[in-house]
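The data block below is structure.csv; it holds CSV, C-alpha atoms.
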chain,number,residue,atom,x,y,z
A,1,MET,CA,-40.3,-4.7,-65.4
A,2,ALA,CA,-38.8,-7.3,-63.2
A,3,THR,CA,-35.6,-5.3,-62.8
A,4,THR,CA,-37.4,-2.1,-61.7
A,5,ASN,CA,-39.3,-4.1,-59.1
A,6,LEU,CA,-36.1,-5.5,-57.8
A,7,LEU,CA,-34.6,-2.1,-57.7
A,8,ARG,CA,-37.6,-0.7,-55.9
A,9,ARG,CA,-37.5,-3.5,-53.4
A,10,THR,CA,-33.8,-2.9,-52.7
A,11,ILE,CA,-34.4,0.8,-52.2
A,12,THR,CA,-37.2,0.2,-49.7
A,13,ARG,CA,-35.2,-2.3,-47.9
A,14,TYR,CA,-32.3,0.0,-47.8
A,15,SER,CA,-34.4,2.9,-46.6
A,16,ASN,CA,-35.9,0.6,-44.0
A,17,SER,CA,-32.5,-0.3,-42.7
A,18,LEU,CA,-31.7,3.4,-42.8
A,19,ARG,CA,-34.7,4.2,-40.7
A,20,HIS,CA,-33.7,1.4,-38.3
A,21,HIS,CA,-30.3,3.0,-38.1
A,22,GLN,CA,-31.8,6.4,-37.2
A,23,ILE,CA,-33.9,4.8,-34.4
A,24,ARG,CA,-30.8,3.2,-33.0
A,25,LEU,CA,-28.9,6.5,-33.1
A,26,TYR,CA,-31.8,8.1,-31.3
A,27,ALA,CA,-31.8,5.3,-28.7
A,28,SER,CA,-28.1,5.9,-27.9
A,29,GLU,CA,-28.9,9.5,-27.0
A,30,THR,CA,-31.3,8.5,-24.2
A,31,PRO,CA,-29.6,8.2,-20.8
A,32,ASN,CA,-27.0,5.4,-20.9
A,33,GLU,CA,-27.8,2.6,-18.4
A,34,ASN,CA,-24.2,1.5,-18.4
A,35,LEU,CA,-22.8,4.7,-17.0
A,36,LYS,CA,-21.3,4.3,-13.6
A,37,THR,CA,-20.1,7.2,-11.5
A,38,PHE,CA,-16.8,6.9,-9.5
A,39,SER,CA,-16.1,9.4,-6.7
A,40,ILE,CA,-12.4,9.4,-6.4
A,41,TYR,CA,-10.3,11.0,-3.7
A,42,ARG,CA,-8.1,13.7,-5.1
A,43,TRP,CA,-5.3,15.6,-3.4
A,44,ASN,CA,-2.3,17.1,-5.1
A,45,PRO,CA,0.4,18.7,-2.8
A,46,ASP,CA,1.6,20.9,-5.6
A,47,ASN,CA,-1.5,23.1,-5.7
A,48,SER,CA,-2.8,24.3,-2.3
A,49,SER,CA,-6.4,23.0,-2.6
A,50,LYS,CA,-8.0,20.8,0.0
A,51,PRO,CA,-8.6,17.1,-0.5
A,52,GLN,CA,-11.9,16.5,-2.4
A,53,LEU,CA,-13.9,13.7,-4.1
A,54,GLN,CA,-14.1,14.1,-7.8
A,55,ASP,CA,-16.7,12.3,-9.9
A,56,TYR,CA,-16.0,10.5,-13.1
A,57,GLN,CA,-18.5,8.7,-15.3
A,58,VAL,CA,-17.4,5.5,-17.0
A,59,ASP,CA,-19.4,3.5,-19.6
A,60,LEU,CA,-19.1,0.0,-18.3
A,61,LYS,CA,-19.8,-1.4,-21.8
A,62,ASN,CA,-16.3,-0.4,-22.9
A,63,CYS,CA,-14.6,-1.2,-19.7
A,64,GLY,CA,-13.2,-4.3,-17.9
A,65,PRO,CA,-15.1,-5.8,-14.9
A,66,MET,CA,-12.6,-4.7,-12.2
A,67,VAL,CA,-12.2,-1.4,-10.4
A,68,LEU,CA,-8.6,-1.1,-11.7
A,69,ASP,CA,-9.9,-1.3,-15.3
A,70,ALA,CA,-12.2,1.6,-14.6
A,71,LEU,CA,-9.3,3.6,-13.0
A,72,ILE,CA,-7.0,2.9,-15.9
A,73,LYS,CA,-9.8,3.9,-18.3
A,74,ILE,CA,-10.3,7.2,-16.4
A,75,LYS,CA,-6.6,7.9,-16.5
A,76,ASN,CA,-6.3,7.1,-20.2
A,77,GLU,CA,-9.4,8.8,-21.5
A,78,ILE,CA,-10.7,11.4,-19.0
A,79,ASP,CA,-8.1,12.7,-16.6
A,80,PRO,CA,-4.4,11.8,-17.0
A,81,THR,CA,-3.5,13.6,-13.7
A,82,LEU,CA,-5.2,10.9,-11.6
A,83,THR,CA,-2.5,9.1,-9.7
A,84,PHE,CA,-2.5,5.6,-8.3
A,85,ARG,CA,-0.2,2.6,-8.0
A,86,ARG,CA,-0.7,-0.5,-10.2
A,87,SER,CA,1.4,-3.1,-11.7
A,88,CYS,CA,0.4,-6.7,-12.3
A,89,ARG,CA,-3.4,-6.3,-12.6
A,90,GLU,CA,-3.9,-9.9,-11.3
A,91,GLY,CA,-3.6,-9.6,-7.5
A,92,ILE,CA,0.0,-10.8,-7.1
A,93,CYS,CA,1.9,-7.5,-6.6
A,94,GLY,CA,-0.3,-5.8,-4.0
A,95,SER,CA,0.4,-2.3,-5.5
A,96,CYS,CA,-3.2,-1.3,-6.1
A,97,ALA,CA,-4.5,-1.6,-2.5
A,98,MET,CA,-7.1,1.1,-1.8
A,99,ASN,CA,-10.4,1.6,0.0
A,100,ILE,CA,-13.3,0.8,-2.4
A,101,ASP,CA,-16.8,1.6,-1.1
A,102,GLY,CA,-15.5,1.5,2.4
A,103,CYS,CA,-13.7,-1.8,2.3
A,104,ASN,CA,-9.9,-2.2,1.8
A,105,GLY,CA,-9.0,-4.3,-1.1
A,106,LEU,CA,-7.0,-4.6,-4.3
A,107,ALA,CA,-8.5,-2.7,-7.1
A,108,CYS,CA,-7.6,-5.4,-9.6
A,109,LEU,CA,-9.5,-8.1,-7.6
A,110,THR,CA,-12.5,-6.0,-6.7
A,111,LYS,CA,-15.4,-6.1,-9.2
A,112,ILE,CA,-17.2,-2.9,-10.1
A,113,GLU,CA,-20.5,-2.8,-8.2
A,114,THR,CA,-23.2,-3.2,-11.0
A,115,ASP,CA,-26.2,-4.1,-8.9
A,116,ASP,CA,-26.8,-0.4,-8.0
A,117,MET,CA,-25.8,1.7,-11.0
A,118,LYS,CA,-27.3,4.9,-9.6
A,119,THR,CA,-25.1,5.3,-6.5
A,120,ALA,CA,-21.5,6.3,-7.1
A,121,SER,CA,-18.6,4.0,-6.2
A,122,MET,CA,-16.3,5.8,-3.7
A,123,ILE,CA,-12.6,5.1,-4.0
A,124,THR,CA,-10.2,6.5,-1.4
A,125,PRO,CA,-6.7,5.8,-0.3
A,126,LEU,CA,-6.0,3.3,2.4
A,127,PRO,CA,-7.4,4.6,5.7
A,128,HIS,CA,-5.1,6.2,8.3
A,129,MET,CA,-2.1,6.4,6.0
A,130,PHE,CA,-0.3,9.5,5.0
A,131,VAL,CA,-1.3,10.5,1.4
A,132,ILE,CA,1.5,11.4,-1.0
A,133,LYS,CA,-0.9,12.2,-3.9
A,134,ASP,CA,-4.4,11.1,-4.8
A,135,LEU,CA,-4.6,7.3,-4.1
A,136,VAL,CA,-0.8,6.9,-3.4
A,137,VAL,CA,0.0,6.5,0.3
A,138,ASP,CA,3.3,6.6,2.2
A,139,MET,CA,4.2,3.0,3.1
A,140,THR,CA,7.5,3.8,4.8
A,141,GLN,CA,6.2,3.0,8.3
A,142,PHE,CA,4.6,-0.2,7.1
A,143,TYR,CA,7.8,-1.5,5.5
A,144,ASN,CA,9.9,-0.4,8.5
A,145,GLN,CA,7.7,-2.5,10.7
A,146,TYR,CA,8.1,-5.4,8.4
A,147,LYS,CA,11.9,-4.9,8.5
A,148,SER,CA,11.8,-4.8,12.3
A,149,ILE,CA,10.7,-8.4,12.6
A,150,GLU,CA,13.7,-9.5,10.6
A,151,PRO,CA,11.8,-11.6,8.0
A,152,TRP,CA,14.8,-13.6,6.9
A,153,LEU,CA,16.4,-16.9,7.9
A,154,LYS,CA,18.9,-16.4,10.7
A,155,ARG,CA,21.3,-19.2,11.6
A,156,LYS,CA,24.1,-19.5,14.1
A,157,THR,CA,25.5,-22.7,12.6
A,158,GLU,CA,26.6,-23.1,9.0
A,159,GLY,CA,24.4,-24.8,6.4
A,160,SER,CA,24.6,-28.4,5.5
A,161,GLU,CA,28.1,-30.0,5.3
A,162,THR,CA,27.8,-30.6,1.6
A,163,GLY,CA,27.3,-26.9,1.0
A,164,LYS,CA,24.0,-27.5,-0.8
A,165,GLU,CA,20.7,-25.7,-0.1
A,166,ILE,CA,18.7,-26.9,2.9
A,167,LEU,CA,15.7,-28.8,1.5
A,168,GLN,CA,12.3,-28.8,2.9
A,169,SER,CA,10.0,-31.8,3.2
A,170,LYS,CA,6.5,-31.5,1.8
A,171,LYS,CA,5.0,-31.8,5.3
A,172,ASP,CA,7.1,-29.0,6.6
A,173,ARG,CA,6.3,-26.9,3.6
A,174,ALA,CA,2.6,-27.4,4.3
A,175,LYS,CA,3.0,-25.6,7.6
A,176,LEU,CA,3.6,-22.3,5.8
A,177,ASP,CA,0.3,-22.5,4.0
A,178,GLY,CA,-1.9,-19.5,4.9
A,179,MET,CA,1.2,-17.3,5.5
A,180,TYR,CA,3.5,-17.5,2.5
A,181,GLU,CA,0.7,-16.1,0.2
A,182,CYS,CA,0.9,-12.7,1.9
A,183,ILE,CA,1.9,-10.0,-0.7
A,184,LEU,CA,2.3,-7.2,1.8
A,185,CYS,CA,-0.5,-5.0,0.3
A,186,ALA,CA,-1.2,-3.4,3.7
A,187,CYS,CA,-5.0,-4.0,3.3
A,188,CYS,CA,-5.2,-5.8,6.7
A,189,THR,CA,-2.9,-3.5,8.6
A,190,THR,CA,-4.8,-0.4,7.6
A,191,SER,CA,-8.1,-1.9,8.3
A,192,CYS,CA,-7.2,-2.7,12.0
A,193,PRO,CA,-8.7,-0.2,14.5
A,194,SER,CA,-5.9,-1.1,16.9
A,195,TYR,CA,-3.3,-0.1,14.3
A,196,TRP,CA,-5.2,3.2,13.7
A,197,TRP,CA,-4.7,4.2,17.3
A,198,ASN,CA,-1.2,3.0,17.8
A,199,PRO,CA,0.5,3.0,14.3
A,200,GLU,CA,3.9,3.7,15.8
A,201,LYS,CA,4.0,1.1,18.5
A,202,TYR,CA,1.7,-1.8,17.3
A,203,LEU,CA,3.3,-3.9,14.5
A,204,GLY,CA,0.1,-4.6,12.7
A,205,PRO,CA,-1.4,-7.8,11.4
A,206,ALA,CA,0.8,-8.1,8.2
A,207,ALA,CA,4.1,-7.7,10.1
A,208,LEU,CA,3.0,-10.2,12.8
A,209,LEU,CA,1.9,-12.7,10.2
A,210,HIS,CA,5.4,-12.6,8.8
A,211,ALA,CA,6.9,-12.8,12.3
A,212,HIS,CA,5.0,-16.1,12.7
A,213,ARG,CA,6.1,-17.2,9.2
A,214,THR,CA,9.8,-16.7,10.1
A,215,LEU,CA,9.3,-18.4,13.4
A,216,ILE,CA,8.0,-21.5,11.6
A,217,LEU,CA,10.5,-21.3,8.8
A,218,CYS,CA,13.4,-21.3,11.1
A,219,LYS,CA,12.0,-24.4,12.8
A,220,VAL,CA,11.3,-26.2,9.6
A,221,VAL,CA,14.8,-25.8,8.4
A,222,THR,CA,16.4,-27.0,11.6
A,223,HIS,CA,14.1,-30.0,11.6
A,224,THR,CA,15.1,-31.0,8.1
A,225,LEU,CA,18.7,-30.9,9.3
A,226,GLU,CA,18.2,-33.3,12.1
A,227,PRO,CA,15.1,-35.3,11.3
A,228,GLU,CA,15.7,-38.1,13.7
A,229,ILE,CA,15.5,-35.8,16.8
A,230,ILE,CA,11.9,-34.7,16.1
A,231,PRO,CA,9.8,-35.8,19.0
A,232,SER,CA,6.9,-38.1,17.9
A,233,PRO,CA,3.8,-36.1,19.0
A,234,PRO,CA,3.9,-33.3,16.5
A,235,PHE,CA,2.1,-30.8,18.8
A,236,LEU,CA,4.9,-31.0,21.3
A,237,TYR,CA,7.9,-29.9,19.4
A,238,TRP,CA,7.1,-26.3,19.1
A,239,TRP,CA,8.6,-25.5,22.4
A,240,ILE,CA,10.6,-28.7,23.0
A,241,SER,CA,12.8,-28.1,20.0
A,242,ASP,CA,13.5,-24.6,21.0
A,243,SER,CA,17.0,-25.6,22.1
A,244,ARG,CA,17.9,-26.3,18.5
A,245,ASP,CA,16.8,-23.0,17.0
A,246,GLU,CA,18.6,-20.5,19.1
A,247,TYR,CA,16.9,-17.6,17.4
A,248,THR,CA,13.3,-18.6,18.1
A,249,THR,CA,13.4,-17.5,21.7
A,250,GLU,CA,15.1,-14.2,20.7
A,251,ARG,CA,12.4,-13.6,18.1
A,252,LEU,CA,9.7,-14.4,20.6
A,253,ASP,CA,11.3,-12.0,23.1
A,254,ALA,CA,11.7,-9.3,20.5
A,255,ILE,CA,7.9,-9.1,19.9
A,256,ASN,CA,6.8,-10.0,23.5
A,257,ASP,CA,5.6,-6.4,24.1
A,258,GLU,CA,2.4,-4.9,25.4
A,259,PHE,CA,2.2,-2.8,22.2
A,260,LYS,CA,4.1,-4.7,19.5
A,261,LEU,CA,2.1,-7.9,19.8
A,262,TYR,CA,-0.6,-7.5,22.5
A,263,ARG,CA,-2.4,-4.5,20.9
A,264,CYS,CA,-4.2,-7.2,18.8
A,265,HIS,CA,-7.6,-7.6,20.4
A,266,THR,CA,-8.7,-10.1,17.8
A,267,ILE,CA,-11.0,-7.6,16.1
A,268,LEU,CA,-10.4,-9.7,12.9
A,269,ASN,CA,-10.9,-6.9,10.5
A,270,CYS,CA,-7.7,-8.2,9.0
A,271,ALA,CA,-9.2,-11.5,7.9
A,272,ARG,CA,-12.2,-9.7,6.4
A,273,ALA,CA,-10.0,-7.3,4.5
A,274,CYS,CA,-7.3,-9.7,3.2
A,275,PRO,CA,-7.7,-9.9,-0.6
A,276,LYS,CA,-5.8,-13.2,-0.6
A,277,GLY,CA,-8.2,-14.8,1.9
A,278,LEU,CA,-5.7,-15.2,4.7
A,279,ASN,CA,-6.3,-14.9,8.4
A,280,PRO,CA,-3.6,-12.8,10.1
A,281,GLY,CA,-5.6,-12.8,13.3
A,282,LYS,CA,-5.2,-16.6,13.6
A,283,GLN,CA,-1.4,-16.3,13.1
A,284,ILE,CA,-1.2,-13.6,15.8
A,285,GLN,CA,-3.2,-15.9,18.1
A,286,ALA,CA,-0.6,-18.7,17.4
A,287,ILE,CA,2.2,-16.3,18.3
A,288,LYS,CA,0.5,-15.5,21.6
A,289,THR,CA,0.1,-19.2,22.4
A,290,LYS,CA,3.9,-19.7,21.7
A,291,GLU,CA,4.7,-16.8,24.0
A,292,MET,CA,2.7,-18.4,26.7
A,293,MET,CA,4.4,-21.8,26.2
A,294,SER,CA,7.9,-20.3,26.3
A,295,ALA,CA,7.2,-18.1,29.3
B,1,MET,CA,9.0,36.7,21.8
B,2,LYS,CA,5.7,35.0,20.9
B,3,ARG,CA,5.2,31.4,22.0
B,4,LEU,CA,5.6,29.0,19.1
B,5,THR,CA,2.9,26.5,18.0
B,6,GLY,CA,3.7,22.8,17.9
B,7,LEU,CA,3.9,22.9,14.1
B,8,GLN,CA,6.3,25.8,14.2
B,9,LYS,CA,8.5,23.9,16.6
B,10,GLN,CA,8.5,20.9,14.4
B,11,VAL,CA,9.5,22.9,11.4
B,12,LEU,CA,12.4,24.5,13.3
B,13,ALA,CA,13.5,21.2,14.7
B,14,LEU,CA,13.6,19.8,11.1
B,15,TYR,CA,15.6,22.8,10.0
B,16,GLY,CA,18.1,22.3,12.9
B,17,GLY,CA,18.2,18.6,12.0
B,18,PHE,CA,19.3,19.4,8.5
B,19,LEU,CA,22.0,21.9,9.7
B,20,ARG,CA,23.3,19.3,12.1
B,21,ALA,CA,23.4,16.6,9.5
B,22,ALA,CA,25.2,19.0,7.1
B,23,ARG,CA,28.0,19.3,9.8
B,24,ALA,CA,29.0,15.7,9.2
B,25,LYS,CA,29.7,16.3,5.5
B,26,ALA,CA,32.8,17.8,3.8
B,27,PRO,CA,33.2,21.6,4.4
B,28,GLU,CA,32.4,22.6,0.8
B,29,GLU,CA,29.5,20.3,0.5
B,30,ARG,CA,28.3,21.5,3.9
B,31,LYS,CA,28.0,25.1,2.5
B,32,LYS,CA,26.1,23.9,-0.5
B,33,ILE,CA,23.7,21.8,1.6
B,34,GLU,CA,23.1,24.7,4.0
B,35,ALA,CA,22.4,27.0,1.1
B,36,ILE,CA,19.9,24.6,-0.5
B,37,VAL,CA,18.1,23.8,2.8
B,38,SER,CA,17.9,27.5,3.8
B,39,GLU,CA,16.5,28.5,0.4
B,40,GLU,CA,13.9,25.7,0.5
B,41,PHE,CA,12.8,26.7,4.1
B,42,HIS,CA,12.7,30.4,3.4
B,43,ARG,CA,10.8,30.0,0.1
B,44,ASN,CA,8.1,27.8,1.7
B,45,ALA,CA,7.9,30.1,4.7
B,46,LYS,CA,7.0,32.9,2.3
B,47,GLU,CA,4.8,31.0,-0.2
B,48,VAL,CA,2.9,28.5,1.9
B,49,ASP,CA,-0.2,29.8,3.6
B,50,ARG,CA,0.4,29.4,7.4
B,51,LYS,CA,-3.1,27.9,7.9
B,52,ASN,CA,-2.6,25.2,5.2
B,53,PHE,CA,-1.8,22.6,7.8
B,54,ILE,CA,-2.3,19.6,5.5
B,55,TYR,CA,0.4,20.9,3.2
B,56,ILE,CA,2.8,21.9,6.0
B,57,GLU,CA,2.4,18.5,7.5
B,58,TYR,CA,3.1,16.9,4.1
B,59,LEU,CA,6.2,19.0,3.7
B,60,LEU,CA,7.3,18.0,7.2
B,61,ARG,CA,7.0,14.3,6.4
B,62,ARG,CA,8.8,14.8,3.1
B,63,GLY,CA,11.6,16.7,4.9
B,64,ALA,CA,11.9,14.0,7.5
B,65,LYS,CA,12.4,11.4,4.8
B,66,GLN,CA,15.1,13.6,3.1
B,67,LEU,CA,16.8,14.2,6.4
B,68,HIS,CA,16.9,10.5,7.0
B,69,GLN,CA,18.7,10.0,3.6
B,70,LEU,CA,21.1,12.9,4.3
B,71,LYS,CA,22.0,11.5,7.7
B,72,SER,CA,23.4,8.3,6.1
B,73,PRO,CA,27.2,8.4,5.9
B,74,ASN,CA,26.9,7.2,2.3
B,75,THR,CA,25.3,10.5,1.3
B,76,ILE,CA,28.0,12.9,0.5
B,77,SER,CA,26.3,15.8,-1.3
B,78,MET,CA,22.9,17.2,-2.2
B,79,PHE,CA,21.5,18.6,-5.5
B,80,THR,CA,18.3,20.3,-6.6
B,81,VAL,CA,16.6,19.9,-10.0
B,82,PRO,CA,14.3,22.6,-11.2
B,83,VAL,CA,10.8,21.1,-11.7
B,84,PRO,CA,8.7,22.6,-14.5
B,85,SER,CA,5.4,23.9,-13.2
B,86,PRO,CA,2.5,21.4,-13.9
B,87,PRO,CA,-0.1,22.2,-16.5
B,88,SER,CA,-2.9,24.2,-14.9
B,89,LYS,CA,-5.6,22.3,-16.8
B,90,PRO,CA,-5.9,18.5,-17.3
B,91,LEU,CA,-4.8,17.5,-20.8
B,92,PRO,CA,-7.7,17.0,-23.3
For this file, produce the structure as structure tokens.
Amino acid sequence: MATTNLLRRTITRYSNSLRHHQIRLYASETPNENLKTFSIYRWNPDNSSKPQLQDYQVDLKNCGPMVLDALIKIKNEIDPTLTFRRSCREGICGSCAMNIDGCNGLACLTKIETDDMKTASMITPLPHMFVIKDLVVDMTQFYNQYKSIEPWLKRKTEGSETGKEILQSKKDRAKLDGMYECILCACCTTSCPSYWWNPEKYLGPAALLHAHRTLILCKVVTHTLEPEIIPSPPFLYWWISDSRDEYTTERLDAINDEFKLYRCHTILNCARACPKGLNPGKQIQAIKTKEMMSA
Amino acid sequence: MKRLTGLQKQVLALYGGFLRAARAKAPEERKKIEAIVSEEFHRNAKEVDRKNFIYIEYLLRRGAKQLHQLKSPNTISMFTVPVPSPPSKPLP
């Protein structure tokens, strides 16, 4: 008798859990609250269709928190023809720069908008750049402008006599903070209205930030070579020490141009767009100050 | 003769640029390059819809890049590789 009771109880419990299971199954058929729509810019040069926005639905429950996770999920599971650049997925390579919901940023550092699940997230390539395919843009112009400011160390004299590398002091190194972090993702340059109207002539915030970096870098190195000649008030030596760094004046002259440098109207979209939290506008302002000092 | 549009002039200028760049190469290579370039231009002239500006501009930019590479003295010859046509439908 006791065994039959036990048996009956297990059966009812089992059927109870079965019913529970059915209810759960039913619940999953109701509209999923975790579905997010992504409208993604598509254009393929190989078929002659016009550019269009294509919608994809992603279940955020099985997806990482960042926009790049969603893009990779779409490419893996829904549409393998979707094309975009990505590499490090942690904001250090700058490959996945794109326009997300109207703001330039790295897809790997931008969270998926979850406050408003009903409206779709729009993902388009960087604005005012030539599209090669889908979210991939032509960066040739951007890199050529970076190249044009000669972002390397140029010296007329030889290195230190011992033939060793030229060391930097911690204080001099600190001067490069706010510039060396730039990863050349082109978020700032393509967010600048001035750059939109004069992309051929204006260098753009990213290239100018690096122009300032090289200016300072050259100086820092010459200072480490002859530390005893540094004038005591630190704010003075920017232009006083020009005589020791022969290339500084040449660099300043090279970008002293109505278009190359002075198309910056301190709109500061660059600072807002930068995914690394830098302020290229401030560095451009510093170059302008130096131009004024050297004139 | 009909007046040419800006886009047509750009295409012709690109074609001329390729022929001029080919002149700097060895005579045999020059013939090959000219054949490839002429084939490419004539095929696109036939196949591409003349009002598909987006695509024509894309081809112009691509061509300008290739011309830049060809102009380099390090480039001595040019090859083409047949590309299989992409699948019409996205894979399941």
Work out how far atom CA of A:Gln52 is from atom CA of A:Gly204, in Å to one decimal. 28.6 Å
Please produce, as a tab-separated table, a per-residue contact table for chain A versus chain B (criterion: any atom at most 12 Å away, all atoms listed in the file considered), showing the nearest atom pair and its distance in Å to one decimal, sorted by chain then residue number.
residue	atom	partner	partner_atom	distance
A:Trp43	CA	B:Tyr55	CA	10.2
A:Asn44	CA	B:Tyr55	CA	9.5
A:Pro45	CA	B:Tyr55	CA	6.4
A:Asp46	CA	B:Pro86	CA	8.4
A:Asn47	CA	B:Pro86	CA	9.3
A:Ser48	CA	B:Tyr55	CA	7.2
A:Ser49	CA	B:Asn52	CA	9.0
A:Lys50	CA	B:Ile54	CA	8.0
A:Pro51	CA	B:Ile54	CA	9.1
A:Lys75	CA	B:Pro90	CA	10.7
A:Asn76	CA	B:Pro92	CA	10.5
A:Glu77	CA	B:Pro92	CA	8.6
A:Ile78	CA	B:Pro92	CA	7.7
A:Asp79	CA	B:Pro90	CA	6.2
A:Pro80	CA	B:Leu91	CA	6.9
A:Thr81	CA	B:Pro90	CA	6.5
A:Leu82	CA	B:Pro90	CA	9.5
A:Met129	CA	B:Tyr58	CA	11.9
A:Phe130	CA	B:Tyr58	CA	8.2
A:Val131	CA	B:Tyr58	CA	8.2
A:Ile132	CA	B:Tyr58	CA	7.7
A:Lys133	CA	B:Tyr58	CA	10.1
A:Val137	CA	B:Tyr58	CA	11.5
A:Asp138	CA	B:Arg61	CA	9.5
A:Met139	CA	B:Lys65	CA	11.9
A:Thr140	CA	B:Lys65	CA	9.0
A:Gln141	CA	B:Lys65	CA	11.0
Give me the residues near A:Tyr202 as a list in words, where near means some atom within 8 Å (using only C-alpha atoms) and where sequence neighbours in that chain fewer than 4 positions away do not count. Ser194, Tyr195, Asn198, Phe259, Lys260, Leu261 and Arg263 of chain A
Contacts of stretch 66-80 of chain B at 12 Å (only C-alpha atoms; same-chain gap of 5+ positions) as a PDB file with C-alpha atoms, in the coordinates of the input:
ATOM      1  CA  THR A 140       7.500   3.800   4.800  1.00  0.00           C
TER       2      THR A 140
ATOM      3  CA  ALA B  13      13.500  21.200  14.700  1.00  0.00           C
ATOM      4  CA  LEU B  14      13.600  19.800  11.100  1.00  0.00           C
ATOM      5  CA  TYR B  15      15.600  22.800  10.000  1.00  0.00           C
ATOM      6  CA  GLY B  16      18.100  22.300  12.900  1.00  0.00           C
ATOM      7  CA  GLY B  17      18.200  18.600  12.000  1.00  0.00           C
ATOM      8  CA  PHE B  18      19.300  19.400   8.500  1.00  0.00           C
ATOM      9  CA  LEU B  19      22.000  21.900   9.700  1.00  0.00           C
ATOM     10  CA  ARG B  20      23.300  19.300  12.100  1.00  0.00           C
ATOM     11  CA  ALA B  21      23.400  16.600   9.500  1.00  0.00           C
ATOM     12  CA  ALA B  22      25.200  19.000   7.100  1.00  0.00           C
ATOM     13  CA  ARG B  23      28.000  19.300   9.800  1.00  0.00           C
ATOM     14  CA  ALA B  24      29.000  15.700   9.200  1.00  0.00           C
ATOM     15  CA  LYS B  25      29.700  16.300   5.500  1.00  0.00           C
ATOM     16  CA  ALA B  26      32.800  17.800   3.800  1.00  0.00           C
ATOM     17  CA  PRO B  27      33.200  21.600   4.400  1.00  0.00           C
ATOM     18  CA  GLU B  28      32.400  22.600   0.800  1.00  0.00           C
ATOM     19  CA  GLU B  29      29.500  20.300   0.500  1.00  0.00           C
ATOM     20  CA  ARG B  30      28.300  21.500   3.900  1.00  0.00           C
ATOM     21  CA  LYS B  31      28.000  25.100   2.500  1.00  0.00           C
ATOM     22  CA  LYS B  32      26.100  23.900  -0.500  1.00  0.00           C
ATOM     23  CA  ILE B  33      23.700  21.800   1.600  1.00  0.00           C
ATOM     24  CA  GLU B  34      23.100  24.700   4.000  1.00  0.00           C
ATOM     25  CA  ALA B  35      22.400  27.000   1.100  1.00  0.00           C
ATOM     26  CA  ILE B  36      19.900  24.600  -0.500  1.00  0.00           C
ATOM     27  CA  VAL B  37      18.100  23.800   2.800  1.00  0.00           C
ATOM     28  CA  GLU B  39      16.500  28.500   0.400  1.00  0.00           C
ATOM     29  CA  GLU B  40      13.900  25.700   0.500  1.00  0.00           C
ATOM     30  CA  LEU B  59       6.200  19.000   3.700  1.00  0.00           C
ATOM     31  CA  LEU B  60       7.300  18.000   7.200  1.00  0.00           C
ATOM     32  CA  ARG B  61       7.000  14.300   6.400  1.00  0.00           C
TER      33      ARG B  61
END
May I ask for the distance between atom CA of A:Gly94 and atom CA of A:Asn34, given in Å to one decimal place?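 Interatomic distance here is 28.8 Å.
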